[in-house]
Each structure stands twice: as C-alpha cells, then as structure tokens.
$ cat input-v2.tsv   # TSV, C-alpha atoms and all ligand atoms
chain	number	residue	atom	x	y	z
A	120	MET	CA	-8.67	9.12	14.94
A	121	SER	CA	-6.82	12.26	15.71
A	122	ARG	CA	-6.58	15.32	13.59
A	123	GLY	CA	-3.04	16.41	12.85
A	124	GLY	CA	-3.68	20.04	13.67
A	125	GLY	CA	-0.28	21.68	13.60
A	126	SER	CA	1.74	18.49	13.19
A	127	TYR	CA	4.09	17.89	10.31
A	128	GLY	CA	5.36	14.72	8.66
A	129	GLU	CA	8.92	13.59	8.04
A	130	VAL	CA	9.35	15.64	4.88
A	131	GLY	CA	7.69	18.69	6.36
A	132	GLN	CA	4.25	18.24	4.83
A	133	LYS	CA	1.24	19.01	6.96
A	134	ILE	CA	-0.59	15.96	8.29
A	135	ASP	CA	-4.37	16.36	8.05
A	136	TYR	CA	-5.32	13.11	9.76
A	137	VAL	CA	-3.74	10.33	11.79
A	138	PHE	CA	-5.61	7.03	11.56
A	139	LYS	CA	-4.73	4.27	13.99
A	140	VAL	CA	-5.28	0.80	12.55
A	141	VAL	CA	-4.68	-2.41	14.53
A	142	LEU	CA	-3.63	-5.83	13.29
A	143	ILE	CA	-5.09	-8.85	15.07
A	144	GLY	CA	-5.30	-12.59	14.51
A	145	ASP	CA	-3.59	-15.83	15.54
A	146	SER	CA	0.17	-16.21	15.76
A	147	ALA	CA	2.04	-16.86	12.49
A	148	VAL	CA	-0.80	-15.80	10.16
A	149	GLY	CA	1.45	-13.04	8.78
A	150	LYS	CA	0.39	-9.85	10.58
A	151	SER	CA	3.94	-8.51	10.96
A	152	GLN	CA	4.82	-9.31	7.37
A	153	LEU	CA	1.66	-7.62	6.06
A	154	LEU	CA	2.76	-4.55	8.01
A	155	ALA	CA	6.35	-4.79	6.73
A	156	ARG	CA	5.03	-5.05	3.16
A	157	PHE	CA	2.68	-2.09	3.55
A	158	ALA	CA	4.98	0.21	5.52
A	159	ARG	CA	8.37	-0.54	3.92
A	160	ASN	CA	7.66	-2.88	1.00
A	161	GLU	CA	9.71	-5.58	2.73
A	162	PHE	CA	9.14	-9.27	3.43
A	163	ASN	CA	10.99	-11.75	5.63
A	164	LEU	CA	10.40	-15.52	5.53
A	165	ASP	CA	12.19	-15.91	8.89
A	166	SER	CA	9.91	-13.46	10.68
A	167	LYS	CA	10.06	-13.88	14.48
A	168	ALA	CA	6.94	-13.97	16.64
A	169	THR	CA	6.08	-10.49	17.85
A	170	ILE	CA	6.49	-9.77	21.56
A	171	GLY	CA	4.47	-6.89	23.00
A	172	VAL	CA	3.39	-4.08	20.70
A	173	GLU	CA	5.01	-2.30	17.76
A	174	PHE	CA	3.75	0.22	15.29
A	175	GLN	CA	4.86	1.65	11.97
A	176	THR	CA	3.59	4.58	10.01
A	177	ARG	CA	3.15	5.46	6.39
A	178	THR	CA	2.06	8.83	5.13
A	179	LEU	CA	-0.19	8.87	2.08
A	180	HIS	CA	-2.68	11.01	0.23
A	181	ILE	CA	-6.40	10.47	0.06
A	182	ASP	CA	-8.57	12.97	-1.77
A	183	ALA	CA	-5.90	15.71	-1.61
A	184	ARG	CA	-5.49	15.24	2.15
A	185	THR	CA	-2.37	13.98	3.86
A	186	VAL	CA	-3.11	10.99	6.03
A	187	LYS	CA	-0.68	9.33	8.38
A	188	ALA	CA	-1.57	5.67	8.78
A	189	GLN	CA	-0.31	4.42	12.13
A	190	ILE	CA	-0.47	0.63	11.98
A	191	TRP	CA	-0.20	-1.28	15.28
A	192	ASP	CA	0.98	-4.85	15.48
A	193	THR	CA	0.89	-7.18	18.47
A	194	ALA	CA	1.53	-10.80	19.33
A	195	GLY	CA	-1.03	-13.40	18.31
A	196	GLN	CA	0.31	-15.52	21.16
A	197	GLU	CA	-1.54	-14.79	24.38
A	198	ARG	CA	1.60	-14.92	26.57
A	199	TYR	CA	3.33	-12.21	24.52
A	200	ARG	CA	0.40	-9.83	24.31
A	201	ALA	CA	0.45	-6.44	26.01
A	202	VAL	CA	-2.53	-4.80	27.75
A	203	THR	CA	-5.45	-5.27	25.39
A	204	SER	CA	-7.45	-2.12	26.11
A	205	ALA	CA	-4.43	0.11	25.41
A	206	TYR	CA	-3.87	-1.62	22.10
A	207	TYR	CA	-7.42	-0.96	20.88
A	208	ARG	CA	-7.74	2.56	22.30
A	209	GLY	CA	-8.28	5.15	19.57
A	210	ALA	CA	-8.22	2.60	16.75
A	211	VAL	CA	-10.44	3.52	13.81
A	212	GLY	CA	-9.56	0.52	11.66
A	213	ALA	CA	-8.69	-3.15	12.16
A	214	MET	CA	-7.23	-5.88	9.98
A	215	LEU	CA	-8.35	-9.28	11.29
A	216	VAL	CA	-5.96	-11.79	9.73
A	217	TYR	CA	-6.14	-15.57	9.32
A	218	ASP	CA	-4.02	-17.98	7.28
A	219	ILE	CA	-5.84	-19.69	4.38
A	220	THR	CA	-3.72	-22.83	5.04
A	221	LYS	CA	-4.61	-23.04	8.79
A	222	ARG	CA	-8.21	-23.88	9.59
A	223	GLN	CA	-7.77	-23.06	13.27
A	224	SER	CA	-6.72	-19.51	12.50
A	225	PHE	CA	-10.02	-19.04	10.64
A	226	ASP	CA	-12.06	-20.77	13.37
A	227	HIS	CA	-10.63	-18.25	15.86
A	228	VAL	CA	-11.74	-15.24	13.82
A	229	ALA	CA	-15.09	-15.04	15.68
A	230	ARG	CA	-13.22	-14.86	18.98
A	231	TRP	CA	-10.94	-12.07	17.72
A	232	LEU	CA	-13.97	-10.18	16.47
A	233	GLU	CA	-15.60	-10.47	19.87
A	234	GLU	CA	-12.50	-9.08	21.59
A	235	LEU	CA	-12.29	-6.28	19.03
A	236	ARG	CA	-15.94	-5.32	19.41
A	237	GLY	CA	-15.61	-5.46	23.18
A	238	HIS	CA	-12.69	-3.04	23.27
A	239	ALA	CA	-12.74	-0.80	20.21
A	240	ASP	CA	-14.93	2.07	19.05
A	241	LYS	CA	-18.23	0.74	17.72
A	242	ASN	CA	-17.72	2.49	14.39
A	243	ILE	CA	-14.35	0.88	13.72
A	244	VAL	CA	-13.80	-0.20	10.09
A	245	ILE	CA	-12.87	-3.89	9.95
A	246	MET	CA	-11.26	-5.90	7.14
A	247	LEU	CA	-11.10	-9.71	7.32
A	248	ILE	CA	-7.90	-10.88	5.61
A	249	GLY	CA	-7.11	-14.38	4.39
A	250	ASN	CA	-3.32	-14.22	4.08
A	251	LYS	CA	-0.81	-16.50	2.27
A	252	SER	CA	-2.83	-16.70	-0.95
A	253	ASP	CA	0.45	-17.70	-2.65
A	254	LEU	CA	0.08	-21.10	-0.93
A	255	GLY	CA	-3.00	-22.03	-2.95
A	256	THR	CA	-2.13	-25.73	-3.09
A	257	LEU	CA	-2.20	-25.90	0.74
A	258	ARG	CA	-5.47	-24.02	1.08
A	259	VAL	CA	-7.95	-25.39	3.66
A	260	VAL	CA	-10.21	-22.34	4.07
A	261	PRO	CA	-12.43	-21.84	1.00
A	262	THR	CA	-12.75	-18.22	-0.12
A	263	GLU	CA	-16.54	-18.60	-0.09
A	264	ASP	CA	-16.62	-19.49	3.67
A	265	ALA	CA	-14.70	-16.36	4.60
A	266	LYS	CA	-16.73	-14.21	2.23
A	267	GLU	CA	-19.99	-15.41	3.78
A	268	PHE	CA	-18.66	-14.82	7.30
A	269	ALA	CA	-17.58	-11.30	6.33
A	270	GLU	CA	-20.95	-10.49	4.78
A	271	ARG	CA	-22.79	-11.77	7.84
A	272	GLU	CA	-20.61	-9.71	10.16
A	273	ASN	CA	-20.53	-6.64	7.91
A	274	LEU	CA	-16.76	-6.73	7.37
A	275	PHE	CA	-14.68	-6.01	4.31
A	276	PHE	CA	-12.88	-9.09	3.02
A	277	MET	CA	-9.79	-9.77	0.89
A	278	GLU	CA	-7.27	-12.54	0.38
A	279	THR	CA	-3.67	-11.32	0.38
A	280	SER	CA	-0.10	-12.50	0.06
A	281	ALA	CA	2.51	-10.52	1.97
A	282	LEU	CA	5.12	-12.67	0.22
A	283	GLU	CA	3.98	-11.91	-3.32
A	284	SER	CA	2.63	-8.48	-2.42
A	285	THR	CA	-0.84	-9.37	-3.64
A	286	ASN	CA	-3.70	-7.16	-2.43
A	287	VAL	CA	-1.72	-5.79	0.53
A	288	GLU	CA	-1.83	-2.20	-0.66
A	289	ASN	CA	-5.42	-2.73	-1.75
A	290	ALA	CA	-6.50	-4.06	1.66
A	291	PHE	CA	-4.92	-1.23	3.68
A	292	MET	CA	-6.05	1.46	1.22
A	293	THR	CA	-9.63	0.16	1.28
A	294	VAL	CA	-9.76	0.45	5.06
A	295	LEU	CA	-8.04	3.85	5.17
A	296	THR	CA	-10.24	5.25	2.40
A	297	GLU	CA	-13.38	4.01	4.16
A	298	ILE	CA	-12.25	5.66	7.40
A	299	TYR	CA	-11.60	8.86	5.47
A	300	ARG	CA	-15.02	8.61	3.79
A	301	ILE	CA	-16.74	8.32	7.18
A	302	VAL	CA	-14.84	11.28	8.56
A	303	SER	CA	-15.61	13.44	5.51
A	304	LYS	CA	-19.28	12.47	5.59
A	305	LYS	CA	-19.44	13.52	9.22
A	306	ASN	CA	-17.95	16.85	8.26
A	307	LEU	CA	-20.65	17.32	5.65
A	308	VAL	CA	-23.41	16.56	8.15
A	309	ALA	CA	-21.86	18.99	10.62
A	310	ASN	CA	-21.81	21.72	7.97
A	311	GLU	CA	-25.44	21.14	7.04
A	312	GLU	CA	-26.43	21.43	10.68
A	313	VAL	CA	-24.57	24.69	10.97
A	314	ASP	CA	-26.24	25.98	7.77
A	315	SER	CA	-29.80	25.11	8.80
A	316	SER	CA	-29.42	26.83	12.13
A	317	GLY	CA	-28.56	29.98	10.27
A	318	ASN	CA	-25.07	30.17	11.67
A	319	SER	CA	-21.77	30.12	9.91
A	320	SER	CA	-21.54	28.13	6.67
A	321	LEU	CA	-17.81	27.87	7.08
A	322	LEU	CA	-16.35	24.39	6.85
A	323	LYS	CA	-16.16	23.00	10.34
A	324	GLU	CA	-14.23	19.79	10.60
A	325	SER	CA	-15.01	17.12	13.14
A	326	ARG	CA	-12.08	16.03	15.22
A	327	SER	CA	-13.67	13.06	16.83
A	328	PHE	CA	-14.21	9.75	15.12
A	329	ASN	CA	-16.58	8.77	17.91
A	330	HIS	CA	-19.27	10.90	16.38
A	331	CYS	CA	-18.85	9.60	12.85
A	332	GLN	CA	-21.58	7.65	11.18
A	333	VAL	CA	-20.85	4.29	9.68
A	334	PRO	CA	-23.09	3.07	6.85
A	335	LYS	CA	-25.38	0.16	7.69
A	336	THR	CA	-24.28	-1.87	4.68
A	337	LYS	CA	-20.89	-2.23	3.15
A	338	ASP	CA	-19.53	-3.82	-0.01
A	339	THR	CA	-17.21	-6.72	0.45
A	340	ALA	CA	-14.49	-7.42	-2.06
A	401	LIG	N1	4.01	-18.12	2.07
A	401	LIG	C1	3.76	-17.04	2.84
A	401	LIG	N2	4.31	-16.92	4.06
A	401	LIG	C2	4.02	-15.82	4.79
A	401	LIG	C3	3.18	-14.80	4.32
A	401	LIG	N3	3.09	-13.85	5.28
A	401	LIG	C4	3.84	-14.26	6.30
A	401	LIG	N4	4.42	-15.44	6.01
A	401	LIG	C5	5.30	-16.24	6.87
A	401	LIG	O1	4.56	-16.72	7.98
A	401	LIG	C6	5.36	-16.71	9.15
A	401	LIG	C7	4.72	-15.87	10.24
A	401	LIG	O2	4.65	-14.52	9.82
A	401	LIG	P1	4.52	-13.30	10.86
A	401	LIG	O3	4.25	-12.07	10.08
A	401	LIG	O4	5.69	-13.25	11.77
A	401	LIG	O5	3.23	-13.75	11.69
A	401	LIG	P2	2.47	-12.94	12.84
A	401	LIG	O6	1.01	-13.04	12.55
A	401	LIG	O7	3.03	-11.60	12.98
A	401	LIG	O8	2.80	-13.83	14.15
A	401	LIG	P3	2.86	-13.32	15.71
A	401	LIG	O9	3.76	-12.16	15.79
A	401	LIG	O10	3.39	-14.51	16.48
A	401	LIG	O11	1.45	-13.00	16.12
A	401	LIG	C8	6.76	-16.19	8.73
A	401	LIG	O12	7.57	-17.28	8.43
A	401	LIG	C9	6.44	-15.41	7.47
A	401	LIG	O13	7.53	-15.32	6.60
A	401	LIG	C10	2.62	-14.95	3.01
A	401	LIG	O14	1.87	-14.12	2.50
A	401	LIG	N5	2.95	-16.09	2.32
A	402	MG	MG	4.02	-10.66	14.49

$ encode --input "input-v2.tsv" --output "structure tokens" --more "lines below"
Ligand SMILES: Nc1nc2c(ncn2[C@@H]2O[C@H](COP(=O)(O)OP(=O)(O)OP(=O)(O)O)[C@@H](O)[C@H]2O)c(=O)[nH]1
Ligand SMILES: [Mg+2]
Amino acid sequence: MSRGGGSYGEVGQKIDYVFKVVLIGDSAVGKSQLLARFARNEFNLDSKATIGVEFQTRTLHIDARTVKAQIWDTAGQERYRAVTSAYYRGAVGAMLVYDITKRQSFDHVARWLEELRGHADKNIVIMLIGNKSDLGTLRVVPTEDAKEFAERENLFFMETSALESTNVENAFMTVLTEIYRIVSKKNLVANEEVDSSGNSSLLKESRSFNHCQVPKTKDTA
C-alpha cells in the first residue's frame, strides 16, 4: 500500500490511499474481463490472452476516504508472464480466479496460492473467485469444494460472472474494504501506543502496510 500524500486523482480530489491488488489464475478464467467489468463496466466475449502486465485504476470512497484501487492483470499462460516478483511487489490484495466450468483451473489454485504466498506480503488480503457463474449448466466445480478450500486457507470466497456483472463489484469491494479496515486498525493501535507513552494524542497514520495486523479468522462469503 502507499499513502497518497500530496497526490491528486483525475478530477482533482485528494487520494488518501493507493491499494495495489493483483489478479492471478489460469489462462482464460476471466481475469481481464473481471478487471474490465470492475474498472470500466465493460465486457468482451472475444477477449485476447493477456501478454505481459497491465493495470487499471478506479477511484472510490471507503469510510469518507478516497481510495485509488490499482488492479494489476497478467497472463495466466507461463510463456506470456512478466517477472513474477515485480508483479507481486507492494500488492496488498489478490484475486485468485478459477473457472467453475474448468476443473483444472480449480486444481491449480493451490499452486497459485503457493506462488502468491512465496512472493507477496504475508498480510495480503486474498479472495478466491469462481468465475463464469452464468454458465451454471456447465459447472464442474461445486461451490462447496471451493468454499471448504477457502475456509481451510483463510481466504475470502465468491462466485462471480464478469459477463452478467454478478458479484464483481462485491468481490473487489470486499477485498478493498478489508484492506482499508486493516490499515485503519493499525492506525488505531499506533494512536493508543502514542497515548500510553504520554506523548502526542494526535492522529498518526501508518504509511506502511507491512506493519498492519491481519485478523486470525475471516468470514467467507
Ligand atoms: N460466460 C462467461 N465468459 C467469460 C466470463 N469472463 C470471461 N469470459 C470469457 O472467457 C474468455 C477468457 O477471458 P479473459 O478475461 O481473457 O481470461 P484471462 O484469465 O484474462 O486469460 P489470460 O489473459 O490468458 O490469463 C473470454 O472469451 C471471455 O469473454 C464470464 O463471467 N462468463
Ligand atoms: Mg487476461
């Protein structure tokens, strides 16, 4: 996470926080279309495989703060992927996507999680996403299987449809709000520490996500 400091958004409003969130998962699960839906409310059935890395931003409000969500998207295909460590650097949230109609994309989730945990901040907020919920008749991954996996691994979980716009906003907002909650909680702890030492009781805001505390347990959707 980075604090906006003196930075300003497109329409001149002050940005309080910039949250980097990464999309990961197998090729063709719908990562780029989830991003297109969230960032621009667009969808394309002829979406091309991503090559390298792209990101898009959307500025929104959480709890009277202005947050710029910077969502990074990369290729699911190994041969098109850019340097992994750079992709994960500074990420405070991750959307791990599989396709509910492709068993293999779900079987690979554990591998993606391993890569994520190996490269990202240990406090990163992770959402497991079963995309293409509009294709219910072709479903091969039961909701219950994914839910159990998510609970075991302490991840948020939702099924989405980028095509029908189901739960896309909800999924991103849940992750962004959780990140915000962690950051605010850290600020509170910092203030209490300042108070008890008899120093200034002024609001001191943490600028580093690395020092934030993540709750041990988390609700899954
Ligand atoms: N029915 C349906 N199709 C979807 C949905 N989301 C994406 N698709 C389609 O699935 C295909 C792959 O989508 P992409 O978003 O390009 O997949 P990706 O995960 O970005 O793939 P890579 O860039 O190769 O990693 C495209 O034809 C999309 O139109 C969805 O929610 N429902
Ligand atoms: Mg893509």

$ closest_atom_pairs --input "input-v2.tsv" --of "chain A" --to "ligand LIG 401 (chain A)" --cutoff "6 Å" --atoms "only C-alpha atoms and all ligand atoms" --output "tab-separated table"
residue	atom	partner	partner_atom	distance
A:Asp145	CA	A:LIG401	O11	5.8
A:Ser146	CA	A:LIG401	O11	3.5
A:Ala147	CA	A:LIG401	O5	3.4
A:Val148	CA	A:LIG401	O6	4.1
A:Gly149	CA	A:LIG401	O3	3.2
A:Lys150	CA	A:LIG401	O6	3.8
A:Ser151	CA	A:LIG401	O3	3.7
A:Gln152	CA	A:LIG401	O3	3.9
A:Asn163	CA	A:LIG401	O13	5.1
A:Leu164	CA	A:LIG401	O13	3.1
A:Asp165	CA	A:LIG401	O12	4.8
A:Ser166	CA	A:LIG401	O4	4.4
A:Lys167	CA	A:LIG401	O4	5.2
A:Ala168	CA	A:LIG401	O10	3.6
A:Thr169	CA	A:LIG401	O9	3.5
A:Ala194	CA	A:LIG401	O11	3.9
A:Gly195	CA	A:LIG401	O11	3.3
A:Gln196	CA	A:LIG401	O10	5.7
A:Asn250	CA	A:LIG401	O14	5.4
A:Lys251	CA	A:LIG401	O14	3.6
A:Asp253	CA	A:LIG401	N5	5.8
A:Leu254	CA	A:LIG401	N1	5.8
A:Ser280	CA	A:LIG401	O14	3.5
A:Ala281	CA	A:LIG401	O14	3.7
A:Leu282	CA	A:LIG401	O14	4.2

$ closest_residue --input "input-v2.tsv" --among "A:Leu179, A:Trp191, A:Ile134, A:Met292" --to "ligand MG 402 (chain A)" --atoms "only C-alpha atoms and all ligand atoms"
A:Trp191

$ closest_residue --input "input-v2.tsv" --among "A:His238, A:Arg156, A:Lys266, A:Lys133" --to "Val202 of chain A" --atoms "all atoms listed in the file"
A:His238

$ closest_residue --input "input-v2.tsv" --among "A:Lys305, A:Lys139, A:Arg208, A:Lys241" --to "Gln189 of chain A" --atoms "all atoms listed in the file"
A:Lys139

$ closest_residue --input "input-v2.tsv" --among "A:Asn289, A:Leu154, A:Arg198, A:Ala229" --to "Ile170 of chain A" --atoms "all atoms listed in the file"
A:Arg198

$ atom_distance --input "input-v2.tsv" --atom1 "atom CA of Lys304 of chain A" --atom2 "atom CA of Phe174 of chain A"
27.8 Å

$ closest_residue --input "input-v2.tsv" --among "A:Gly171, A:Gly209, A:Gly249, A:Pro261" --to "ligand MG 402 (chain A)" --atoms "only C-alpha atoms and all ligand atoms"
A:Gly171

$ atom_distance --input "input-v2.tsv" --atom1 "atom CA of Thr293 of chain A" --atom2 "atom CA of Glu197 of chain A"
28.7 Å

$ closest_residue --input "input-v2.tsv" --among "A:Val228, A:Ala213, A:Val172, A:Ala205" --to "ligand MG 402 (chain A)" --atoms "all atoms listed in the file"
A:Val172

$ atom_distance --input "input-v2.tsv" --atom1 "atom CA of Ser204 of chain A" --atom2 "atom CA of Gly237 of chain A"
9.3 Å

$ axis_aligned_box --input "input-v2.tsv" --around "segment 298-305 of chain A" --padding-each-side "6 Å" --output "lines of an AutoDock Vina configuration file"
center_x = -15.5
center_y = 9.6
center_z = 6.5
size_x = 19.8
size_y = 19.9
size_z = 17.4

$ residues_around --input "input-v2.tsv" --residues "Met277 of chain A" --least-positions-apart "2" --cutoff "8 Å" --atoms "only C-alpha atoms" --output "list of chain:residue names"
A:Met246, A:Leu247, A:Ile248, A:Gly249, A:Phe275, A:Thr279, A:Asn286, A:Ala290, A:Ala340

$ build_atoms --input "input-v2.tsv" --residues "segment 284-296 of chain A" --atoms "N, CA and C atoms" --output "mmCIF file, in the coordinates of the input"
data_model
loop_
_atom_site.group_PDB
_atom_site.id
_atom_site.type_symbol
_atom_site.label_atom_id
_atom_site.label_comp_id
_atom_site.auth_asym_id
_atom_site.auth_seq_id
_atom_site.Cartn_x
_atom_site.Cartn_y
_atom_site.Cartn_z
ATOM 1 N N SER A 284 3.128 -9.852 -2.388
ATOM 2 C CA SER A 284 2.630 -8.480 -2.420
ATOM 3 C C SER A 284 1.272 -8.370 -3.126
ATOM 4 N N THR A 285 0.479 -9.392 -3.003
ATOM 5 C CA THR A 285 -0.840 -9.370 -3.640
ATOM 6 C C THR A 285 -1.886 -8.789 -2.702
ATOM 7 N N ASN A 286 -2.559 -7.753 -3.156
ATOM 8 C CA ASN A 286 -3.700 -7.160 -2.430
ATOM 9 C C ASN A 286 -3.345 -6.492 -1.102
ATOM 10 N N VAL A 287 -2.079 -6.386 -0.766
ATOM 11 C CA VAL A 287 -1.720 -5.790 0.530
ATOM 12 C C VAL A 287 -2.045 -4.293 0.529
ATOM 13 N N GLU A 288 -1.552 -3.626 -0.498
ATOM 14 C CA GLU A 288 -1.830 -2.200 -0.660
ATOM 15 C C GLU A 288 -3.349 -1.962 -0.747
ATOM 16 N N ASN A 289 -3.977 -2.812 -1.538
ATOM 17 C CA ASN A 289 -5.420 -2.730 -1.750
ATOM 18 C C ASN A 289 -6.189 -2.847 -0.429
ATOM 19 N N ALA A 290 -5.803 -3.819 0.397
ATOM 20 C CA ALA A 290 -6.500 -4.060 1.660
ATOM 21 C C ALA A 290 -6.360 -2.844 2.592
ATOM 22 N N PHE A 291 -5.134 -2.377 2.786
ATOM 23 C CA PHE A 291 -4.920 -1.230 3.680
ATOM 24 C C PHE A 291 -5.599 0.036 3.130
ATOM 25 N N MET A 292 -5.478 0.237 1.817
ATOM 26 C CA MET A 292 -6.050 1.460 1.220
ATOM 27 C C MET A 292 -7.577 1.446 1.308
ATOM 28 N N THR A 293 -8.172 0.262 1.170
ATOM 29 C CA THR A 293 -9.630 0.160 1.280
ATOM 30 C C THR A 293 -10.089 0.587 2.669
ATOM 31 N N VAL A 294 -9.393 0.095 3.686
ATOM 32 C CA VAL A 294 -9.760 0.450 5.060
ATOM 33 C C VAL A 294 -9.525 1.939 5.332
ATOM 34 N N LEU A 295 -8.373 2.442 4.913
ATOM 35 C CA LEU A 295 -8.040 3.850 5.170
ATOM 36 C C LEU A 295 -8.987 4.792 4.424
ATOM 37 N N THR A 296 -9.336 4.414 3.194
ATOM 38 C CA THR A 296 -10.240 5.250 2.400
ATOM 39 C C THR A 296 -11.641 5.250 3.007
#
